[in-house]
file protein-v7.cif (mmCIF, C-alpha atoms and all ligand atoms)
data_start
#
loop_
_atom_site.group_PDB
_atom_site.id
_atom_site.type_symbol
_atom_site.label_atom_id
_atom_site.label_comp_id
_atom_site.auth_asym_id
_atom_site.auth_seq_id
_atom_site.Cartn_x
_atom_site.Cartn_y
_atom_site.Cartn_z
ATOM 1 C CA MET A 1 30.044 4.075 1.987
ATOM 2 C CA VAL A 2 26.806 5.415 0.535
ATOM 3 C CA LYS A 3 26.070 8.788 2.137
ATOM 4 C CA LYS A 4 24.028 10.547 -0.546
ATOM 5 C CA ALA A 5 20.589 9.886 -1.979
ATOM 6 C CA ILE A 6 18.392 11.358 -4.678
ATOM 7 C CA ILE A 7 14.589 11.473 -4.424
ATOM 8 C CA PRO A 8 12.981 12.275 -7.783
ATOM 9 C CA ALA A 9 9.694 14.041 -6.958
ATOM 10 C CA ALA A 10 9.101 16.111 -10.067
ATOM 11 C CA GLY A 11 6.412 14.082 -11.871
ATOM 12 C CA TYR A 12 2.984 15.493 -12.661
ATOM 13 C CA GLY A 13 1.247 12.658 -10.784
ATOM 14 C CA THR A 14 -1.231 12.308 -13.637
ATOM 15 C CA ARG A 15 -2.641 9.074 -12.159
ATOM 16 C CA GLY A 16 -3.820 11.125 -9.175
ATOM 17 C CA LEU A 17 -5.599 13.937 -11.046
ATOM 18 C CA PRO A 18 -7.461 16.118 -10.297
ATOM 19 C CA VAL A 19 -6.129 16.498 -6.734
ATOM 20 C CA THR A 20 -2.478 16.350 -7.886
ATOM 21 C CA LYS A 21 -3.043 19.537 -9.869
ATOM 22 C CA VAL A 22 -2.316 21.409 -6.608
ATOM 23 C CA ILE A 23 -1.284 18.765 -4.052
ATOM 24 C CA PRO A 24 1.791 16.754 -4.998
ATOM 25 C CA LYS A 25 1.147 13.032 -4.479
ATOM 26 C CA GLU A 26 4.304 13.032 -2.332
ATOM 27 C CA MET A 27 2.357 15.251 0.112
ATOM 28 C CA PHE A 28 -0.656 12.931 0.408
ATOM 29 C CA PRO A 29 -1.317 12.386 4.114
ATOM 30 C CA VAL A 30 -0.474 9.025 5.625
ATOM 31 C CA GLY A 31 -1.672 9.515 9.189
ATOM 32 C CA ALA A 32 -0.342 12.910 10.300
ATOM 33 C CA LYS A 33 2.683 12.768 7.993
ATOM 34 C CA PRO A 34 2.961 13.355 4.263
ATOM 35 C CA ALA A 35 4.058 10.305 2.245
ATOM 36 C CA ILE A 36 7.475 11.777 1.399
ATOM 37 C CA GLN A 37 8.371 11.970 5.088
ATOM 38 C CA TYR A 38 8.424 8.145 5.172
ATOM 39 C CA ILE A 39 10.970 8.225 2.352
ATOM 40 C CA VAL A 40 13.148 10.907 3.965
ATOM 41 C CA GLU A 41 13.060 9.082 7.319
ATOM 42 C CA GLU A 42 13.980 5.810 5.573
ATOM 43 C CA ALA A 43 16.987 7.493 3.925
ATOM 44 C CA PHE A 44 18.321 9.108 7.117
ATOM 45 C CA ALA A 45 17.680 5.896 9.109
ATOM 46 C CA SER A 46 19.813 4.077 6.516
ATOM 47 C CA GLY A 47 22.979 6.138 6.994
ATOM 48 C CA ILE A 48 22.281 8.732 4.284
ATOM 49 C CA GLU A 49 23.615 12.158 5.315
ATOM 50 C CA GLU A 50 22.752 14.306 2.299
ATOM 51 C CA LEU A 51 19.604 14.205 0.208
ATOM 52 C CA LEU A 52 18.780 15.830 -3.097
ATOM 53 C CA ILE A 53 15.069 16.120 -3.832
ATOM 54 C CA ILE A 54 14.270 16.804 -7.492
ATOM 55 C CA VAL A 55 11.142 18.944 -7.579
ATOM 56 C CA SER A 56 9.243 20.869 -10.232
ATOM 57 C CA ARG A 57 7.340 24.159 -10.271
ATOM 58 C CA ALA A 58 4.219 22.712 -8.638
ATOM 59 C CA LYS A 59 6.111 21.079 -5.746
ATOM 60 C CA SER A 60 7.064 23.995 -3.485
ATOM 61 C CA LEU A 61 4.933 22.472 -0.693
ATOM 62 C CA ILE A 62 7.625 19.811 -0.299
ATOM 63 C CA VAL A 63 10.334 22.434 0.246
ATOM 64 C CA ASP A 64 8.139 24.309 2.745
ATOM 65 C CA TYR A 65 7.272 21.160 4.663
ATOM 66 C CA PHE A 66 10.869 20.278 5.576
ATOM 67 C CA ASP A 67 11.556 23.821 6.760
ATOM 68 C CA ARG A 68 10.544 25.610 9.966
ATOM 69 C CA SER A 69 7.497 27.826 10.014
ATOM 70 C CA LEU A 70 8.595 30.821 12.111
ATOM 71 C CA GLU A 71 5.154 32.361 11.896
ATOM 72 C CA LEU A 72 3.480 29.218 13.221
ATOM 73 C CA GLU A 73 6.101 28.855 15.974
ATOM 74 C CA ALA A 74 5.522 32.454 17.119
ATOM 75 C CA PHE A 75 1.755 31.949 17.039
ATOM 76 C CA LEU A 76 1.939 28.749 19.128
ATOM 77 C CA GLU A 77 4.376 30.347 21.581
ATOM 78 C CA ARG A 78 1.975 33.216 22.231
ATOM 79 C CA ARG A 79 -0.719 30.684 23.067
ATOM 80 C CA ASN A 80 1.515 28.307 25.071
ATOM 81 C CA LYS A 81 0.854 25.542 22.570
ATOM 82 C CA THR A 82 4.351 24.778 21.270
ATOM 83 C CA HIS A 83 3.823 21.123 22.327
ATOM 84 C CA LEU A 84 1.637 20.806 19.220
ATOM 85 C CA LEU A 85 4.820 20.948 17.132
ATOM 86 C CA LYS A 86 6.683 18.295 19.129
ATOM 87 C CA GLU A 87 6.114 15.742 16.355
ATOM 88 C CA GLU A 88 7.394 18.198 13.753
ATOM 89 C CA PHE A 89 10.024 16.675 11.497
ATOM 90 C CA ILE A 90 13.041 18.842 10.815
ATOM 91 C CA PRO A 91 15.480 16.462 9.146
ATOM 92 C CA SER A 92 18.750 15.638 10.879
ATOM 93 C CA GLY A 93 20.698 15.569 7.606
ATOM 94 C CA GLN A 94 21.050 18.142 4.861
ATOM 95 C CA ILE A 95 18.381 18.355 2.148
ATOM 96 C CA TYR A 96 19.134 20.054 -1.163
ATOM 97 C CA TYR A 97 16.568 20.778 -3.854
ATOM 98 C CA THR A 98 16.734 21.319 -7.558
ATOM 99 C CA ARG A 99 14.014 21.756 -10.141
ATOM 100 C CA GLN A 100 13.590 19.615 -13.217
ATOM 101 C CA PRO A 101 12.593 22.218 -15.823
ATOM 102 C CA TYR A 102 11.224 19.766 -18.419
ATOM 103 C CA ALA A 103 9.136 16.674 -17.608
ATOM 104 C CA ARG A 104 11.549 14.318 -19.363
ATOM 105 C CA GLY A 105 11.169 11.335 -17.097
ATOM 106 C CA LEU A 106 12.937 9.506 -14.340
ATOM 107 C CA GLY A 107 16.248 9.113 -16.174
ATOM 108 C CA ASP A 108 16.468 12.857 -16.747
ATOM 109 C CA ALA A 109 15.600 13.598 -13.097
ATOM 110 C CA VAL A 110 18.363 11.303 -11.807
ATOM 111 C CA ARG A 111 20.808 12.822 -14.331
ATOM 112 C CA LEU A 112 20.271 16.225 -12.670
ATOM 113 C CA GLY A 113 21.955 14.795 -9.544
ATOM 114 C CA LYS A 114 25.332 14.234 -11.195
ATOM 115 C CA SER A 115 27.297 17.030 -9.506
ATOM 116 C CA PHE A 116 25.491 16.367 -6.205
ATOM 117 C CA ALA A 117 26.703 12.748 -6.330
ATOM 118 C CA GLY A 118 30.202 14.103 -6.966
ATOM 119 C CA GLY A 119 31.674 10.845 -8.250
ATOM 120 C CA GLU A 120 30.463 8.814 -5.243
ATOM 121 C CA PRO A 121 28.020 5.893 -5.180
ATOM 122 C CA PHE A 122 24.525 7.095 -4.290
ATOM 123 C CA ALA A 123 21.032 5.817 -3.550
ATOM 124 C CA VAL A 124 17.777 6.638 -5.357
ATOM 125 C CA LEU A 125 14.392 6.359 -3.623
ATOM 126 C CA LEU A 126 11.186 6.798 -5.611
ATOM 127 C CA PRO A 127 8.596 8.423 -3.368
ATOM 128 C CA ASP A 128 5.689 6.521 -4.977
ATOM 129 C CA ASP A 129 6.956 3.360 -3.350
ATOM 130 C CA ILE A 130 6.646 3.170 0.399
ATOM 131 C CA VAL A 131 8.108 0.052 2.010
ATOM 132 C CA LEU A 132 7.026 -0.787 5.545
ATOM 133 C CA HIS A 133 9.446 -3.060 7.350
ATOM 134 C CA LYS A 134 10.063 -3.609 11.045
ATOM 135 C CA GLY A 135 13.743 -4.482 10.597
ATOM 136 C CA VAL A 136 16.332 -3.010 8.244
ATOM 137 C CA PRO A 137 14.912 -0.158 6.096
ATOM 138 C CA ALA A 138 14.565 -0.992 2.389
ATOM 139 C CA ILE A 139 17.337 1.265 1.084
ATOM 140 C CA ARG A 140 19.663 0.105 3.879
ATOM 141 C CA GLN A 141 19.165 -3.493 2.636
ATOM 142 C CA LEU A 142 20.457 -2.414 -0.789
ATOM 143 C CA ILE A 143 23.305 -0.308 0.635
ATOM 144 C CA GLU A 144 24.506 -3.327 2.651
ATOM 145 C CA HIS A 145 24.338 -5.490 -0.460
ATOM 146 C CA TYR A 146 26.240 -2.857 -2.457
ATOM 147 C CA GLU A 147 28.927 -2.783 0.243
ATOM 148 C CA ARG A 148 29.331 -6.566 -0.132
ATOM 149 C CA CYS A 149 29.299 -6.819 -3.936
ATOM 150 C CA GLY A 150 30.610 -3.416 -5.126
ATOM 151 C CA GLN A 151 28.144 -3.279 -8.026
ATOM 152 C CA SER A 152 25.046 -1.154 -8.558
ATOM 153 C CA VAL A 153 21.949 -2.794 -7.028
ATOM 154 C CA VAL A 154 18.242 -2.431 -7.810
ATOM 155 C CA GLY A 155 15.483 -3.406 -5.374
ATOM 156 C CA LEU A 156 13.188 -6.252 -6.443
ATOM 157 C CA ASN A 157 9.796 -7.655 -5.509
ATOM 158 C CA LYS A 158 8.205 -10.807 -6.905
ATOM 159 C CA VAL A 159 5.016 -9.687 -8.589
ATOM 160 C CA GLU A 160 1.991 -11.533 -10.075
ATOM 161 C CA ARG A 161 2.360 -11.979 -13.836
ATOM 162 C CA ASN A 162 -0.703 -9.873 -14.647
ATOM 163 C CA GLU A 163 0.824 -6.912 -12.759
ATOM 164 C CA LEU A 164 4.271 -7.014 -14.368
ATOM 165 C CA HIS A 165 3.328 -4.593 -17.161
ATOM 166 C CA LYS A 166 3.446 -1.762 -14.575
ATOM 167 C CA TYR A 167 7.149 -2.233 -13.741
ATOM 168 C CA GLY A 168 10.684 -2.538 -14.971
ATOM 169 C CA VAL A 169 11.233 -6.318 -15.070
ATOM 170 C CA ILE A 170 14.663 -7.963 -14.948
ATOM 171 C CA ARG A 171 16.114 -11.088 -16.474
ATOM 172 C CA GLY A 172 18.732 -12.433 -14.070
ATOM 173 C CA GLU A 173 20.873 -15.314 -12.904
ATOM 174 C CA PRO A 174 20.168 -16.169 -9.251
ATOM 175 C CA LEU A 175 23.043 -15.638 -6.780
ATOM 176 C CA ASP A 176 22.890 -16.159 -2.981
ATOM 177 C CA ASN A 177 20.432 -14.545 -0.533
ATOM 178 C CA GLY A 178 17.788 -13.239 -2.927
ATOM 179 C CA ALA A 179 20.330 -11.534 -5.197
ATOM 180 C CA TYR A 180 20.416 -11.770 -9.000
ATOM 181 C CA CYS A 181 23.011 -10.887 -11.604
ATOM 182 C CA ILE A 182 20.998 -8.774 -14.078
ATOM 183 C CA THR A 183 21.407 -9.816 -17.703
ATOM 184 C CA ASP A 184 18.579 -7.730 -19.161
ATOM 185 C CA MET A 185 15.717 -5.477 -18.148
ATOM 186 C CA VAL A 186 12.505 -4.440 -19.895
ATOM 187 C CA GLU A 187 10.465 -1.374 -18.933
ATOM 188 C CA LYS A 188 6.751 -2.171 -18.569
ATOM 189 C CA PRO A 189 6.664 -5.277 -20.784
ATOM 190 C CA LYS A 190 3.334 -5.565 -22.631
ATOM 191 C CA THR A 191 3.888 -9.243 -23.412
ATOM 192 C CA ASN A 192 6.373 -11.952 -22.373
ATOM 193 C CA PRO A 193 7.931 -10.406 -19.248
ATOM 194 C CA PRO A 194 11.445 -11.843 -18.794
ATOM 195 C CA SER A 195 10.691 -13.002 -15.192
ATOM 196 C CA ASP A 196 8.404 -12.201 -12.267
ATOM 197 C CA LEU A 197 11.066 -9.974 -10.688
ATOM 198 C CA ALA A 198 9.870 -6.376 -10.747
ATOM 199 C CA VAL A 199 12.013 -3.374 -9.905
ATOM 200 C CA ILE A 200 10.612 -1.328 -7.034
ATOM 201 C CA GLY A 201 11.740 2.221 -6.477
ATOM 202 C CA ARG A 202 14.972 1.659 -4.549
ATOM 203 C CA TYR A 203 18.395 1.707 -6.207
ATOM 204 C CA VAL A 204 22.074 2.114 -5.343
ATOM 205 C CA PHE A 205 24.217 3.236 -8.270
ATOM 206 C CA THR A 206 27.892 3.654 -8.927
ATOM 207 C CA PRO A 207 28.607 7.005 -10.632
ATOM 208 C CA ALA A 208 28.960 5.091 -13.947
ATOM 209 C CA ILE A 209 25.158 5.333 -14.328
ATOM 210 C CA PHE A 210 25.555 8.998 -15.313
ATOM 211 C CA SER A 211 27.641 8.192 -18.380
ATOM 212 C CA TYR A 212 24.805 5.923 -19.615
ATOM 213 C CA LEU A 213 22.123 8.492 -18.790
ATOM 214 C CA GLU A 214 24.088 11.108 -20.714
ATOM 215 C CA THR A 215 24.515 8.992 -23.827
ATOM 216 C CA LEU A 216 20.828 8.084 -24.084
ATOM 217 C CA PRO A 217 19.043 9.895 -26.890
ATOM 218 C CA SER A 218 16.612 12.530 -25.610
ATOM 219 C CA PRO A 219 14.336 12.960 -28.582
ATOM 220 C CA GLY A 220 12.063 15.991 -28.241
ATOM 221 C CA GLU A 221 9.459 15.613 -25.544
ATOM 222 C CA GLU A 222 10.098 11.921 -24.864
ATOM 223 C CA GLU A 223 11.069 10.593 -21.461
ATOM 224 C CA ILE A 224 14.592 9.418 -20.711
ATOM 225 C CA GLN A 225 14.192 5.949 -19.192
ATOM 226 C CA LEU A 226 16.306 5.047 -16.195
ATOM 227 C CA THR A 227 15.716 1.412 -17.168
ATOM 228 C CA GLU A 228 17.590 1.846 -20.455
ATOM 229 C CA ALA A 229 20.626 3.234 -18.598
ATOM 230 C CA ILE A 230 20.469 0.318 -16.114
ATOM 231 C CA ARG A 231 20.391 -2.183 -19.017
ATOM 232 C CA ARG A 232 23.567 -0.667 -20.445
ATOM 233 C CA LEU A 233 25.207 -0.481 -17.024
ATOM 234 C CA ALA A 234 24.343 -4.167 -16.415
ATOM 235 C CA ALA A 235 25.852 -5.190 -19.769
ATOM 236 C CA GLU A 236 29.153 -3.372 -19.206
ATOM 237 C CA GLU A 237 29.976 -2.650 -15.541
ATOM 238 C CA GLY A 238 27.494 -5.172 -14.083
ATOM 239 C CA CYS A 239 24.427 -4.629 -11.915
ATOM 240 C CA GLN A 240 22.622 -6.833 -9.405
ATOM 241 C CA GLY A 241 19.032 -7.113 -8.245
ATOM 242 C CA LYS A 242 18.139 -7.860 -4.636
ATOM 243 C CA LEU A 243 14.777 -8.930 -3.247
ATOM 244 C CA ILE A 244 13.673 -6.407 -0.650
ATOM 245 C CA ALA A 245 12.172 -7.618 2.650
ATOM 246 C CA GLY A 246 9.102 -5.619 3.659
ATOM 247 C CA THR A 247 5.693 -4.693 2.293
ATOM 248 C CA ARG A 248 5.667 -2.249 -0.575
ATOM 249 C CA PHE A 249 2.778 0.110 -1.338
ATOM 250 C CA ASP A 250 2.419 2.114 -4.553
ATOM 251 C CA ILE A 251 0.805 5.364 -3.440
ATOM 252 C CA GLY A 252 0.377 6.372 -7.081
ATOM 253 C CA THR A 253 -2.683 4.079 -7.219
ATOM 254 C CA ALA A 254 -5.882 4.372 -5.174
ATOM 255 C CA ASP A 255 -5.562 0.727 -4.072
ATOM 256 C CA GLY A 256 -1.955 1.119 -2.975
ATOM 257 C CA TYR A 257 -2.669 4.339 -1.112
ATOM 258 C CA MET A 258 -5.705 2.906 0.696
ATOM 259 C CA SER A 259 -3.806 -0.264 1.661
ATOM 260 C CA LEU A 260 -0.975 1.850 3.073
ATOM 261 C CA LEU A 261 -3.412 3.934 5.124
ATOM 262 C CA SER A 262 -4.972 0.809 6.509
ATOM 263 C CA ALA A 263 -1.567 -0.799 7.321
ATOM 264 C CA VAL A 264 -0.354 2.356 9.117
ATOM 265 C CA TRP A 265 -3.675 2.616 10.984
ATOM 266 C CA LYS A 266 -3.358 -0.986 12.222
ATOM 267 C CA GLU A 267 0.249 -0.418 13.351
ATOM 268 C CA ARG A 268 -0.435 2.758 15.339
HETATM 269 C C1 LIG A 301 9.307 3.497 -12.358
HETATM 270 C C2 LIG A 301 10.380 2.730 -13.122
HETATM 271 C C3 LIG A 301 10.048 1.239 -13.159
HETATM 272 C C4 LIG A 301 9.838 0.720 -11.749
HETATM 273 C C5 LIG A 301 8.763 1.556 -11.027
HETATM 274 C C6 LIG A 301 8.671 1.156 -9.571
HETATM 275 O O1 LIG A 301 8.119 3.472 -13.109
HETATM 276 O O2 LIG A 301 10.502 3.249 -14.439
HETATM 277 O O3 LIG A 301 11.096 0.528 -13.783
HETATM 278 O O4 LIG A 301 9.443 -0.638 -11.793
HETATM 279 O O5 LIG A 301 9.101 2.963 -11.069
HETATM 280 O O6 LIG A 301 7.654 1.864 -8.926
HETATM 281 P P1 LIG A 301 6.871 4.463 -12.799
HETATM 282 O O7 LIG A 301 6.042 3.763 -11.765
HETATM 283 O O8 LIG A 301 7.454 5.746 -12.303
HETATM 284 O O9 LIG A 301 6.151 4.601 -14.099
#

call {"tool": "encode", "arguments": {"input": "protein-v7.cif", "output": "structure tokens", "more": "lines below"}}
Ligand code: G1P
result
Amino acid sequence: MVKKAIIPAAGYGTRGLPVTKVIPKEMFPVGAKPAIQYIVEEAFASGIEELLIIVSRAKSLIVDYFDRSLELEAFLERRNKTHLLKEEFIPSGQIYYTRQPYARGLGDAVRLGKSFAGGEPFAVLLPDDIVLHKGVPAIRQLIEHYERCGQSVVGLNKVERNELHKYGVIRGEPLDNGAYCITDMVEKPKTNPPSDLAVIGRYVFTPAIFSYLETLPSPGEEEIQLTEAIRRLAAEEGCQGKLIAGTRFDIGTADGYMSLLSAVWKER
């Protein structure tokens, strides 16, 4: 059973500058909610009971958002307006936070969750990627696949060839039901992508991923790539890819963010 999930939200959000200098991209409004709320709701709707959000110094707004505001509550009570907070989201499960002190990439951020995972399988949700789906939530689709196959699973989307350079791209042998046995993976291939199967930000890992993350070299300021650890995991323990049903939006780009706003607006 997968009961824990890690949300790495420590990046600088350089693609969103200048606004991301003070407003984390995870807090960008999507209707009346910040983007990260979609991710937290997806996790709890998928059977996750404990979440670890990896933040950085500039991300305290995220911690504040998932907490009560006693001052605001008292203010609204005095004015008989507490109904204005009825949509407030105080998560049903437990959220833990830790800070990533050095911006050393996604692999390093996930590595910080080792003792939180405590030797259990766990999910990872990247908050840049919001997946709208009317049926089973995206991470639940991967958890169910993990429960069937017992191997780590990464979420996949088929992507146009000219867009593949923005993603981790797998090489894989097709199995049943949109699943693939991963034989290799390349992070942001500049030329010759190994397939059109791009990794989107949903993963379920066995705890073995930490031993690969820990053995990766961390030279100076360079980023530790999660993709490199997945490649090694795939070669030794095995790792599958699974096509995710739903529409995925990358809120790290203006196009992705605007399309998400328009999709949520149409659904309201
Ligand atoms: C990360 C991963 C990449 C994956 C992508 C999905 O890249 O490194 O493998 O395809 O997320 O959004 P980033 O977009 O953080 O550069």

call {"tool": "residues_near_ligand", "arguments": {"input": "protein-v7.cif", "ligand": "ligand LIG 301 (chain A)", "cutoff": "6 Å", "atoms": "all atoms listed in the file", "output": "ChimeraX atom specification"}}
result
/A:129,167-168,187,198-201,227

call {"tool": "residues_near_point", "arguments": {"input": "protein-v7.cif", "point": "(19.5, 9.6, -3.4)", "cutoff": "8 Å", "atoms": "all atoms listed in the file", "output": "number ranges by chain"}}
result
A: 4-7, 51-53, 122-125

call {"tool": "closest_residue", "arguments": {"input": "protein-v7.cif", "among": "A:Ile224, A:Val30, A:Leu164, A:Val40", "to": "Ile95 (chain A)", "atoms": "only C-alpha atoms"}}
result
A:Val40

call {"tool": "atom_distance", "arguments": {"input": "protein-v7.cif", "atom1": "CA of Leu17 (chain A)", "atom2": "CA of Gly256 (chain A)"}}
result
15.6 Å

call {"tool": "closest_residue", "arguments": {"input": "protein-v7.cif", "among": "A:Ile230, A:Ile54, A:Leu70, A:Ala32", "to": "Val186 (chain A)", "atoms": "all atoms listed in the file"}}
result
A:Ile230

call {"tool": "closest_residue", "arguments": {"input": "protein-v7.cif", "among": "A:Lys134, A:Gly150, A:Thr191, A:Pro18", "to": "Thr247 (chain A)", "atoms": "all atoms listed in the file"}}
result
A:Lys134

call {"tool": "resolve_selection", "arguments": {"input": "protein-v7.cif", "expression": "the PyMOL selection byres (((chain A and resi 114) around 12) and not hetatm)", "output": "ChimeraX atom specification"}}
result
/A:4-6,52,54,98,107-113,115-122,205-214

call {"tool": "atom_distance", "arguments": {"input": "protein-v7.cif", "atom1": "CA of Met258 (chain A)", "atom2": "CA of Gly16 (chain A)"}}
result
13.0 Å

call {"tool": "residues_near_point", "arguments": {"input": "protein-v7.cif", "point": "(3.8, 22.6, -15.4)", "cutoff": "9 Å", "atoms": "only C-alpha atoms", "output": "list in words"}}
result
Tyr12, Ser56, Arg57, Ala58, Pro101, Tyr102 and Ala103 of chain A

call {"tool": "resolve_selection", "arguments": {"input": "protein-v7.cif", "expression": "the PyMOL selection byres (((chain A and resi 13) around 10) and not hetatm)", "output": "PyMOL selection string"}}
result
chain A and resi 9-12+14-21+23-26+128+252

call {"tool": "closest_residue", "arguments": {"input": "protein-v7.cif", "among": "A:Glu41, A:Ala263, A:Ala245, A:Glu50", "to": "Asn177 (chain A)", "atoms": "only C-alpha atoms"}}
result
A:Ala245

call {"tool": "residues_around", "arguments": {"input": "protein-v7.cif", "residues": "Cys239 (chain A)", "least_positions_apart": "3", "cutoff": "7 Å", "atoms": "only C-alpha atoms", "output": "PyMOL selection string"}}
result
chain A and resi 151-153+181-182+233-234

call {"tool": "atom_distance", "arguments": {"input": "protein-v7.cif", "atom1": "CA of Glu160 (chain A)", "atom2": "CA of Asp196 (chain A)"}}
result
6.8 Å

call {"tool": "closest_residue", "arguments": {"input": "protein-v7.cif", "among": "A:Asp67, A:Asp184, A:Gln141, A:Ser195", "to": "His165 (chain A)", "atoms": "only C-alpha atoms"}}
result
A:Ser195

call {"tool": "build_atoms", "arguments": {"input": "protein-v7.cif", "residues": "region 189-201 of chain A", "atoms": "N, CA, C and O atoms", "output": "mmCIF file, in the coordinates of the input"}}
result
data_model
loop_
_atom_site.group_PDB
_atom_site.id
_atom_site.type_symbol
_atom_site.label_atom_id
_atom_site.label_comp_id
_atom_site.auth_asym_id
_atom_site.auth_seq_id
_atom_site.Cartn_x
_atom_site.Cartn_y
_atom_site.Cartn_z
ATOM 1 N N PRO A 189 6.874 -4.349 -19.671
ATOM 2 C CA PRO A 189 6.664 -5.277 -20.784
ATOM 3 C C PRO A 189 5.171 -5.520 -21.044
ATOM 4 O O PRO A 189 4.441 -5.839 -20.110
ATOM 5 N N LYS A 190 4.757 -5.354 -22.300
ATOM 6 C CA LYS A 190 3.334 -5.565 -22.631
ATOM 7 C C LYS A 190 3.046 -7.059 -22.744
ATOM 8 O O LYS A 190 1.973 -7.522 -22.382
ATOM 9 N N THR A 191 4.036 -7.784 -23.296
ATOM 10 C CA THR A 191 3.888 -9.243 -23.412
ATOM 11 C C THR A 191 5.215 -9.881 -22.992
ATOM 12 O O THR A 191 6.235 -9.199 -22.969
ATOM 13 N N ASN A 192 5.175 -11.161 -22.701
ATOM 14 C CA ASN A 192 6.373 -11.952 -22.373
ATOM 15 C C ASN A 192 7.361 -11.286 -21.424
ATOM 16 O O ASN A 192 8.517 -11.054 -21.792
ATOM 17 N N PRO A 193 6.950 -10.960 -20.201
ATOM 18 C CA PRO A 193 7.931 -10.406 -19.248
ATOM 19 C C PRO A 193 9.066 -11.407 -19.036
ATOM 20 O O PRO A 193 8.823 -12.621 -19.028
ATOM 21 N N PRO A 194 10.301 -10.925 -18.890
ATOM 22 C CA PRO A 194 11.445 -11.843 -18.794
ATOM 23 C C PRO A 194 11.502 -12.639 -17.491
ATOM 24 O O PRO A 194 12.269 -13.607 -17.392
ATOM 25 N N SER A 195 10.728 -12.262 -16.468
ATOM 26 C CA SER A 195 10.691 -13.002 -15.192
ATOM 27 C C SER A 195 9.522 -12.428 -14.390
ATOM 28 O O SER A 195 8.760 -11.591 -14.902
ATOM 29 N N ASP A 196 9.403 -12.847 -13.136
ATOM 30 C CA ASP A 196 8.404 -12.201 -12.267
ATOM 31 C C ASP A 196 9.082 -11.269 -11.268
ATOM 32 O O ASP A 196 8.530 -10.960 -10.218
ATOM 33 N N LEU A 197 10.288 -10.820 -11.594
ATOM 34 C CA LEU A 197 11.066 -9.974 -10.688
ATOM 35 C C LEU A 197 10.959 -8.514 -11.117
ATOM 36 O O LEU A 197 11.579 -8.086 -12.105
ATOM 37 N N ALA A 198 10.133 -7.770 -10.385
ATOM 38 C CA ALA A 198 9.870 -6.376 -10.747
ATOM 39 C C ALA A 198 10.756 -5.442 -9.932
ATOM 40 O O ALA A 198 11.028 -5.695 -8.755
ATOM 41 N N VAL A 199 11.196 -4.378 -10.593
ATOM 42 C CA VAL A 199 12.013 -3.374 -9.905
ATOM 43 C C VAL A 199 11.087 -2.465 -9.105
ATOM 44 O O VAL A 199 10.110 -1.936 -9.643
ATOM 45 N N ILE A 200 11.358 -2.330 -7.813
ATOM 46 C CA ILE A 200 10.612 -1.328 -7.034
ATOM 47 C C ILE A 200 11.542 -0.143 -6.806
ATOM 48 O O ILE A 200 12.741 -0.240 -7.021
ATOM 49 N N GLY A 201 10.986 0.964 -6.407
ATOM 50 C CA GLY A 201 11.740 2.221 -6.477
ATOM 51 C C GLY A 201 12.853 2.422 -5.467
ATOM 52 O O GLY A 201 12.896 3.431 -4.763
#
